[in-house]
Amino acid sequence: MKIYTKTGDAGQTSLIGGVRVSKADIRLDAYGTVDELNSYIGLIRDQELTADQKEALKDVQEHLFIMGALLAADNEKSRMKLPGLYPSDVEHLEQGIDAMEQDLAPLKNFILPGGSTLISFCHIARCVCRRAERIIVHLSQNSAVEDLVLIYLNRLSDYLFVLARKAAMDNQIPENKWFPR
């Protein structure tokens, strides 16, 4: 099987289910941004993290891959059985947030991104996650989108913020607090 098919040379692609759409379709922007987020999560996993943190992020990547498939499917035409997201997936993120926050000082200031490469990558991924969420909200105004997709992304952006704070603490890097002038 060749990696190139030439079927997208004219600016169209197929959704799961066979429907052809423009590569400028918001659905492609949605799952493309989720793919971008997944790549940033991979970049974070390549940094100095604990084995548990790396495993948790691999789990996130697998859920983002499922999300991409759900977004790439034409719900009306696809007969393919796709894996799904479950409330327990969101709960797992919440448990991860809660566990990290146990060690952190209460948040009293806004935090500016930066401090180390790992911390910055977490903040970049958080921003891409928020962008994916906004695009998918827009998509959901005209197409059916599973509720858990948005809930998972909303929680994931929180997870990435707390992971950045935890990385700062673990590496004894002062948080980059914002103090308005």
# chains A, B, ... in the order shown; residues from 1 in each chain; ligands from 1

call {"tool": "residues_around", "arguments": {"residues": "segment 23-34 of chain A", "least_positions_apart": "6", "cutoff": "6 Å", "atoms": "only C-alpha atoms", "output": "PyMOL selection string"}}
result
chain A and resi 11-12+68+71+132+135-136

call {"tool": "write_last_selection", "arguments": {"atoms": "all heavy atoms", "output": "PDB file, in the first residue's frame"}}
result
ATOM      1  N   GLY A  11      -7.671  19.200  -3.716  1.00  0.00           N
ATOM      2  CA  GLY A  11      -8.150  19.925  -2.547  1.00  0.00           C
ATOM      3  C   GLY A  11      -9.347  19.304  -1.860  1.00  0.00           C
ATOM      4  O   GLY A  11     -10.022  19.973  -1.087  1.00  0.00           O
ATOM      5  N   GLN A  12      -9.605  18.038  -2.129  1.00  0.00           N
ATOM      6  CA  GLN A  12     -10.698  17.339  -1.446  1.00  0.00           C
ATOM      7  C   GLN A  12     -10.146  16.084  -0.784  1.00  0.00           C
ATOM      8  O   GLN A  12      -9.088  15.577  -1.155  1.00  0.00           O
ATOM      9  CB  GLN A  12     -11.795  16.968  -2.431  1.00  0.00           C
ATOM     10  CG  GLN A  12     -12.509  18.176  -2.993  1.00  0.00           C
ATOM     11  CD  GLN A  12     -13.969  17.877  -3.264  1.00  0.00           C
ATOM     12  OE1 GLN A  12     -14.334  16.774  -3.612  1.00  0.00           O
ATOM     13  NE2 GLN A  12     -14.794  18.886  -3.080  1.00  0.00           N
ATOM     14  N   GLY A  68      -9.944  12.030  17.002  1.00  0.00           N
ATOM     15  CA  GLY A  68      -9.718  12.358  15.594  1.00  0.00           C
ATOM     16  C   GLY A  68     -10.561  11.487  14.675  1.00  0.00           C
ATOM     17  O   GLY A  68     -11.147  11.970  13.712  1.00  0.00           O
ATOM     18  N   LEU A  71     -14.166  12.594  14.809  1.00  0.00           N
ATOM     19  CA  LEU A  71     -14.366  13.841  14.071  1.00  0.00           C
ATOM     20  C   LEU A  71     -14.239  13.641  12.563  1.00  0.00           C
ATOM     21  O   LEU A  71     -14.816  14.399  11.782  1.00  0.00           O
ATOM     22  CB  LEU A  71     -13.363  14.898  14.550  1.00  0.00           C
ATOM     23  CG  LEU A  71     -13.572  15.385  15.985  1.00  0.00           C
ATOM     24  CD1 LEU A  71     -12.367  16.177  16.456  1.00  0.00           C
ATOM     25  CD2 LEU A  71     -14.850  16.215  16.086  1.00  0.00           C
ATOM     26  N   ALA A 132      -8.448  23.721  19.571  1.00  0.00           N
ATOM     27  CA  ALA A 132      -9.220  22.567  19.088  1.00  0.00           C
ATOM     28  C   ALA A 132     -10.636  22.607  19.654  1.00  0.00           C
ATOM     29  O   ALA A 132     -11.611  22.385  18.932  1.00  0.00           O
ATOM     30  CB  ALA A 132      -8.528  21.261  19.481  1.00  0.00           C
ATOM     31  N   ILE A 135     -12.704  25.258  17.809  1.00  0.00           N
ATOM     32  CA  ILE A 135     -13.053  24.815  16.453  1.00  0.00           C
ATOM     33  C   ILE A 135     -14.162  23.768  16.507  1.00  0.00           C
ATOM     34  O   ILE A 135     -15.106  23.790  15.705  1.00  0.00           O
ATOM     35  CB  ILE A 135     -11.806  24.275  15.721  1.00  0.00           C
ATOM     36  CG1 ILE A 135     -10.817  25.419  15.453  1.00  0.00           C
ATOM     37  CG2 ILE A 135     -12.193  23.581  14.419  1.00  0.00           C
ATOM     38  CD1 ILE A 135      -9.437  24.949  15.028  1.00  0.00           C
ATOM     39  N   ILE A 136     -14.062  22.859  17.472  1.00  0.00           N
ATOM     40  CA  ILE A 136     -15.066  21.796  17.578  1.00  0.00           C
ATOM     41  C   ILE A 136     -16.405  22.357  18.054  1.00  0.00           C
ATOM     42  O   ILE A 136     -17.464  21.897  17.618  1.00  0.00           O
ATOM     43  CB  ILE A 136     -14.541  20.642  18.448  1.00  0.00           C
ATOM     44  CG1 ILE A 136     -13.348  19.987  17.734  1.00  0.00           C
ATOM     45  CG2 ILE A 136     -15.632  19.619  18.730  1.00  0.00           C
ATOM     46  CD1 ILE A 136     -12.532  19.048  18.589  1.00  0.00           C
TER      47      ILE A 136
END

call {"tool": "residues_around", "arguments": {"residues": "Asp52 of chain A", "least_positions_apart": "4", "cutoff": "12 Å", "atoms": "only C-alpha atoms", "output": "PDB file with all heavy atoms, in the first residue's frame"}}
result
ATOM      1  N   ARG A  45       5.948  14.161  25.994  1.00  0.00           N
ATOM      2  CA  ARG A  45       6.353  12.817  26.454  1.00  0.00           C
ATOM      3  C   ARG A  45       7.836  12.569  26.249  1.00  0.00           C
ATOM      4  O   ARG A  45       8.432  11.751  26.952  1.00  0.00           O
ATOM      5  CB  ARG A  45       5.576  11.731  25.710  1.00  0.00           C
ATOM      6  CG  ARG A  45       4.194  11.487  26.253  1.00  0.00           C
ATOM      7  CD  ARG A  45       3.509  10.305  25.588  1.00  0.00           C
ATOM      8  NE  ARG A  45       4.194   9.063  25.880  1.00  0.00           N
ATOM      9  CZ  ARG A  45       4.381   8.081  25.007  1.00  0.00           C
ATOM     10  NH1 ARG A  45       3.940   8.173  23.773  1.00  0.00           N
ATOM     11  NH2 ARG A  45       4.995   6.989  25.361  1.00  0.00           N
ATOM     12  N   GLU A  48      11.879  15.119  30.075  1.00  0.00           N
ATOM     13  CA  GLU A  48      12.178  14.449  31.346  1.00  0.00           C
ATOM     14  C   GLU A  48      10.922  14.429  32.221  1.00  0.00           C
ATOM     15  O   GLU A  48      10.566  15.435  32.828  1.00  0.00           O
ATOM     16  CB  GLU A  48      13.315  15.167  32.070  1.00  0.00           C
ATOM     17  CG  GLU A  48      14.652  15.073  31.362  1.00  0.00           C
ATOM     18  CD  GLU A  48      15.178  13.644  31.292  1.00  0.00           C
ATOM     19  OE1 GLU A  48      15.035  12.900  32.283  1.00  0.00           O
ATOM     20  OE2 GLU A  48      15.716  13.273  30.233  1.00  0.00           O
ATOM     21  N   ALA A  56       0.595   8.298  31.401  1.00  0.00           N
ATOM     22  CA  ALA A  56      -0.654   9.076  31.386  1.00  0.00           C
ATOM     23  C   ALA A  56      -0.783   9.851  30.075  1.00  0.00           C
ATOM     24  O   ALA A  56      -1.867   9.926  29.493  1.00  0.00           O
ATOM     25  CB  ALA A  56      -0.701  10.028  32.577  1.00  0.00           C
ATOM     26  N   LEU A  57       0.318  10.404  29.593  1.00  0.00           N
ATOM     27  CA  LEU A  57       0.276  11.157  28.334  1.00  0.00           C
ATOM     28  C   LEU A  57       0.085  10.237  27.130  1.00  0.00           C
ATOM     29  O   LEU A  57      -0.557  10.627  26.151  1.00  0.00           O
ATOM     30  CB  LEU A  57       1.534  12.005  28.176  1.00  0.00           C
ATOM     31  CG  LEU A  57       1.610  13.195  29.140  1.00  0.00           C
ATOM     32  CD1 LEU A  57       2.973  13.870  29.065  1.00  0.00           C
ATOM     33  CD2 LEU A  57       0.494  14.200  28.875  1.00  0.00           C
ATOM     34  N   LYS A  58       0.604   9.019  27.206  1.00  0.00           N
ATOM     35  CA  LYS A  58       0.346   8.050  26.129  1.00  0.00           C
ATOM     36  C   LYS A  58      -1.145   7.732  26.075  1.00  0.00           C
ATOM     37  O   LYS A  58      -1.737   7.641  24.991  1.00  0.00           O
ATOM     38  CB  LYS A  58       1.153   6.771  26.337  1.00  0.00           C
ATOM     39  CG  LYS A  58       0.990   5.772  25.194  1.00  0.00           C
ATOM     40  CD  LYS A  58       1.903   4.571  25.388  1.00  0.00           C
ATOM     41  CE  LYS A  58       1.866   3.646  24.206  1.00  0.00           C
ATOM     42  NZ  LYS A  58       0.620   2.905  24.085  1.00  0.00           N
ATOM     43  N   ASP A  59      -1.766   7.605  27.235  1.00  0.00           N
ATOM     44  CA  ASP A  59      -3.210   7.384  27.326  1.00  0.00           C
ATOM     45  C   ASP A  59      -3.954   8.557  26.687  1.00  0.00           C
ATOM     46  O   ASP A  59      -4.915   8.359  25.933  1.00  0.00           O
ATOM     47  CB  ASP A  59      -3.600   7.206  28.798  1.00  0.00           C
ATOM     48  CG  ASP A  59      -5.022   6.732  28.976  1.00  0.00           C
ATOM     49  OD1 ASP A  59      -5.380   5.687  28.402  1.00  0.00           O
ATOM     50  OD2 ASP A  59      -5.777   7.409  29.699  1.00  0.00           O
ATOM     51  N   GLY A  96      -5.985  12.638  37.673  1.00  0.00           N
ATOM     52  CA  GLY A  96      -4.604  13.076  37.455  1.00  0.00           C
ATOM     53  C   GLY A  96      -4.386  14.511  37.901  1.00  0.00           C
ATOM     54  O   GLY A  96      -3.369  14.833  38.526  1.00  0.00           O
ATOM     55  N   ALA A  99      -4.425  14.578  41.744  1.00  0.00           N
ATOM     56  CA  ALA A  99      -3.186  14.024  42.310  1.00  0.00           C
ATOM     57  C   ALA A  99      -2.041  15.031  42.200  1.00  0.00           C
ATOM     58  O   ALA A  99      -1.274  15.205  43.153  1.00  0.00           O
ATOM     59  CB  ALA A  99      -2.825  12.721  41.606  1.00  0.00           C
ATOM     60  N   MET A 100      -1.922  15.691  41.058  1.00  0.00           N
ATOM     61  CA  MET A 100      -0.849  16.682  40.901  1.00  0.00           C
ATOM     62  C   MET A 100      -1.073  17.882  41.807  1.00  0.00           C
ATOM     63  O   MET A 100      -0.127  18.418  42.392  1.00  0.00           O
ATOM     64  CB  MET A 100      -0.742  17.132  39.439  1.00  0.00           C
ATOM     65  CG  MET A 100      -0.161  16.086  38.511  1.00  0.00           C
ATOM     66  SD  MET A 100       0.152  16.706  36.830  1.00  0.00           S
ATOM     67  CE  MET A 100      -1.516  16.831  36.171  1.00  0.00           C
TER      68      MET A 100
END

call {"tool": "atom_distance", "arguments": {"atom1": "atom CA of Ser143 of chain A", "atom2": "atom CA of Val19 of chain A"}}
result
14.2 Å

call {"tool": "atom_distance", "arguments": {"atom1": "atom CA of Gln47 of chain A", "atom2": "atom CA of Ile151 of chain A"}}
result
26.7 Å

call {"tool": "closest_residue", "arguments": {"among": "A:Lys108, A:Gln172, A:Trp178, A:Arg20", "to": "Asp74 of chain A", "atoms": "only C-alpha atoms"}}
result
A:Arg20

call {"tool": "atom_distance", "arguments": {"atom1": "atom CA of Asp89 of chain A", "atom2": "atom CA of Asn109 of chain A"}}
result
29.3 Å

call {"tool": "residues_around", "arguments": {"residues": "Asp170 of chain A", "least_positions_apart": "5", "cutoff": "12 Å", "atoms": "only C-alpha atoms", "output": "list in words"}}
result
Glu48, Leu49, Thr50, Met100, Asp103, Leu104, Ser116, Leu118, Ile119, Leu163, Ala164, Arg165 and Glu175 of chain A

call {"tool": "write_last_selection", "arguments": {"atoms": "N, CA, C and O atoms", "output": "CSV table (one decimal), in the first residue's frame"}}
result
chain,number,residue,atom,x,y,z
A,48,GLU,N,11.9,15.1,30.1
A,48,GLU,CA,12.2,14.4,31.3
A,48,GLU,C,10.9,14.4,32.2
A,48,GLU,O,10.6,15.4,32.8
A,49,LEU,N,10.3,13.3,32.2
A,49,LEU,CA,9.0,13.1,33.0
A,49,LEU,C,9.2,11.8,33.8
A,49,LEU,O,10.0,10.9,33.4
A,50,THR,N,8.3,11.6,34.7
A,50,THR,CA,8.3,10.3,35.4
A,50,THR,C,7.7,9.2,34.4
A,50,THR,O,6.9,9.6,33.5
A,100,MET,N,-1.9,15.7,41.1
A,100,MET,CA,-0.8,16.7,40.9
A,100,MET,C,-1.1,17.9,41.8
A,100,MET,O,-0.1,18.4,42.4
A,103,ASP,N,0.2,18.3,45.6
A,103,ASP,CA,1.6,18.8,45.9
A,103,ASP,C,1.8,20.2,45.6
A,103,ASP,O,2.8,20.8,46.0
A,104,LEU,N,0.9,20.9,45.0
A,104,LEU,CA,1.1,22.3,44.5
A,104,LEU,C,0.5,23.3,45.5
A,104,LEU,O,-0.5,23.0,46.2
A,116,SER,N,11.0,26.6,31.5
A,116,SER,CA,11.8,25.5,31.0
A,116,SER,C,11.1,25.0,29.7
A,116,SER,O,10.0,25.4,29.4
A,118,LEU,N,10.1,22.0,29.0
A,118,LEU,CA,9.0,21.2,29.3
A,118,LEU,C,7.8,22.0,29.7
A,118,LEU,O,6.6,21.8,29.2
A,119,ILE,N,8.0,23.0,30.5
A,119,ILE,CA,6.8,23.9,31.0
A,119,ILE,C,6.3,24.6,29.8
A,119,ILE,O,5.0,24.7,29.6
A,163,LEU,N,-0.1,20.2,34.8
A,163,LEU,CA,1.2,19.5,34.5
A,163,LEU,C,2.4,20.5,34.4
A,163,LEU,O,3.5,20.2,34.9
A,164,ALA,N,2.1,21.6,33.8
A,164,ALA,CA,3.2,22.6,33.7
A,164,ALA,C,3.6,23.1,35.1
A,164,ALA,O,4.7,23.3,35.4
A,165,ARG,N,2.6,23.3,35.9
A,165,ARG,CA,2.9,23.8,37.3
A,165,ARG,C,3.6,22.7,38.1
A,165,ARG,O,4.6,23.0,38.8
A,175,GLU,N,7.6,29.5,39.5
A,175,GLU,CA,6.5,29.8,38.6
A,175,GLU,C,6.6,31.3,38.1
A,175,GLU,O,7.0,32.2,38.9

call {"tool": "residues_around", "arguments": {"residues": "Cys129 of chain A", "least_positions_apart": "6", "cutoff": "7 Å", "atoms": "only C-alpha atoms", "output": "PyMOL selection string"}}
result
chain A and resi 37+153+157

call {"tool": "write_last_selection", "arguments": {"atoms": "C-alpha atoms", "output": "PDB file, in the first residue's frame"}}
result
ATOM      1  CA  LEU A  37      -2.320  18.609  19.779  1.00  0.00           C
ATOM      2  CA  LEU A 153     -10.695  18.632  25.635  1.00  0.00           C
ATOM      3  CA  SER A 157      -6.423  21.831  28.866  1.00  0.00           C
TER       4      SER A 157
END

call {"tool": "closest_residue", "arguments": {"among": "A:Tyr152, A:Phe179, A:Phe161, A:Phe121", "to": "Ile97 of chain A", "atoms": "only C-alpha atoms"}}
result
A:Phe161

call {"tool": "closest_residue", "arguments": {"among": "A:Ser14, A:Asp46, A:Met67, A:Asn176", "to": "Leu150 of chain A", "atoms": "only C-alpha atoms"}}
result
A:Met67

call {"tool": "residues_around", "arguments": {"residues": "Ala144 of chain A", "least_positions_apart": "2", "cutoff": "12 Å", "atoms": "only C-alpha atoms", "output": "PyMOL selection string"}}
result
chain A and resi 27+70-76+136-142+146-150

call {"tool": "write_last_selection", "arguments": {"atoms": "N, CA and C atoms", "output": "PDB file, in the first residue's frame"}}
result
ATOM      1  N   ARG A  27     -14.554  20.544   9.587  1.00  0.00           N
ATOM      2  CA  ARG A  27     -14.343  19.223  10.188  1.00  0.00           C
ATOM      3  C   ARG A  27     -12.866  18.830  10.090  1.00  0.00           C
ATOM      4  N   LEU A  70     -13.403  10.000  15.466  1.00  0.00           N
ATOM      5  CA  LEU A  70     -14.807  10.397  15.622  1.00  0.00           C
ATOM      6  C   LEU A  70     -15.107  11.659  14.811  1.00  0.00           C
ATOM      7  N   LEU A  71     -14.166  12.594  14.809  1.00  0.00           N
ATOM      8  CA  LEU A  71     -14.366  13.841  14.071  1.00  0.00           C
ATOM      9  C   LEU A  71     -14.239  13.641  12.563  1.00  0.00           C
ATOM     10  N   ALA A  72     -13.487  12.625  12.149  1.00  0.00           N
ATOM     11  CA  ALA A  72     -13.267  12.372  10.726  1.00  0.00           C
ATOM     12  C   ALA A  72     -14.370  11.526  10.103  1.00  0.00           C
ATOM     13  N   ALA A  73     -15.311  11.080  10.896  1.00  0.00           N
ATOM     14  CA  ALA A  73     -16.375  10.215  10.385  1.00  0.00           C
ATOM     15  C   ALA A  73     -17.605  11.038  10.023  1.00  0.00           C
ATOM     16  N   ASP A  74     -18.180  10.700   8.896  1.00  0.00           N
ATOM     17  CA  ASP A  74     -19.479  11.256   8.521  1.00  0.00           C
ATOM     18  C   ASP A  74     -20.525  10.420   9.253  1.00  0.00           C
ATOM     19  N   ASN A  75     -21.102  11.010  10.280  1.00  0.00           N
ATOM     20  CA  ASN A  75     -22.016  10.261  11.154  1.00  0.00           C
ATOM     21  C   ASN A  75     -23.194   9.639  10.418  1.00  0.00           C
ATOM     22  N   GLU A  76     -23.631  10.255   9.327  1.00  0.00           N
ATOM     23  CA  GLU A  76     -24.801   9.749   8.605  1.00  0.00           C
ATOM     24  C   GLU A  76     -24.450   8.659   7.609  1.00  0.00           C
ATOM     25  N   ILE A 136     -14.062  22.859  17.472  1.00  0.00           N
ATOM     26  CA  ILE A 136     -15.066  21.796  17.578  1.00  0.00           C
ATOM     27  C   ILE A 136     -16.405  22.357  18.054  1.00  0.00           C
ATOM     28  N   VAL A 137     -16.388  23.365  18.906  1.00  0.00           N
ATOM     29  CA  VAL A 137     -17.643  24.034  19.278  1.00  0.00           C
ATOM     30  C   VAL A 137     -18.283  24.616  18.025  1.00  0.00           C
ATOM     31  N   HIS A 138     -17.479  25.247  17.196  1.00  0.00           N
ATOM     32  CA  HIS A 138     -17.989  25.804  15.934  1.00  0.00           C
ATOM     33  C   HIS A 138     -18.560  24.688  15.058  1.00  0.00           C
ATOM     34  N   LEU A 139     -17.827  23.594  14.913  1.00  0.00           N
ATOM     35  CA  LEU A 139     -18.298  22.447  14.134  1.00  0.00           C
ATOM     36  C   LEU A 139     -19.625  21.930  14.695  1.00  0.00           C
ATOM     37  N   SER A 140     -19.745  21.879  16.009  1.00  0.00           N
ATOM     38  CA  SER A 140     -20.946  21.308  16.643  1.00  0.00           C
ATOM     39  C   SER A 140     -22.197  22.148  16.402  1.00  0.00           C
ATOM     40  N   GLN A 141     -22.018  23.379  15.949  1.00  0.00           N
ATOM     41  CA  GLN A 141     -23.182  24.219  15.658  1.00  0.00           C
ATOM     42  C   GLN A 141     -23.907  23.772  14.393  1.00  0.00           C
ATOM     43  N   ASN A 142     -23.203  22.996  13.542  1.00  0.00           N
ATOM     44  CA  ASN A 142     -23.815  22.524  12.294  1.00  0.00           C
ATOM     45  C   ASN A 142     -23.766  21.014  12.105  1.00  0.00           C
ATOM     46  N   GLU A 146     -19.997  14.329  19.433  1.00  0.00           N
ATOM     47  CA  GLU A 146     -20.203  13.653  20.714  1.00  0.00           C
ATOM     48  C   GLU A 146     -19.828  14.601  21.855  1.00  0.00           C
ATOM     49  N   ASP A 147     -20.695  14.719  22.846  1.00  0.00           N
ATOM     50  CA  ASP A 147     -20.474  15.623  23.982  1.00  0.00           C
ATOM     51  C   ASP A 147     -19.134  15.392  24.668  1.00  0.00           C
ATOM     52  N   LEU A 148     -18.740  14.133  24.799  1.00  0.00           N
ATOM     53  CA  LEU A 148     -17.505  13.823  25.519  1.00  0.00           C
ATOM     54  C   LEU A 148     -16.258  14.358  24.819  1.00  0.00           C
ATOM     55  N   VAL A 149     -16.337  14.630  23.532  1.00  0.00           N
ATOM     56  CA  VAL A 149     -15.194  15.215  22.831  1.00  0.00           C
ATOM     57  C   VAL A 149     -14.869  16.573  23.448  1.00  0.00           C
ATOM     58  N   LEU A 150     -15.876  17.415  23.581  1.00  0.00           N
ATOM     59  CA  LEU A 150     -15.652  18.749  24.153  1.00  0.00           C
ATOM     60  C   LEU A 150     -15.310  18.684  25.636  1.00  0.00           C
TER      61      LEU A 150
END

call {"tool": "closest_residue", "arguments": {"among": "A:Tyr40, A:Phe65, A:Tyr86, A:Phe110", "to": "Arg126 of chain A", "atoms": "only C-alpha atoms"}}
result
A:Tyr40

call {"tool": "select_by_dssp", "arguments": {"residues": "chain A", "states": "strand (DSSP E)", "output": "list in words"}}
result
Gln12, Thr13, Ser14, Arg20, Val21, Ser22, Phe110, Ile111, Lys177 and Trp178 of chain A
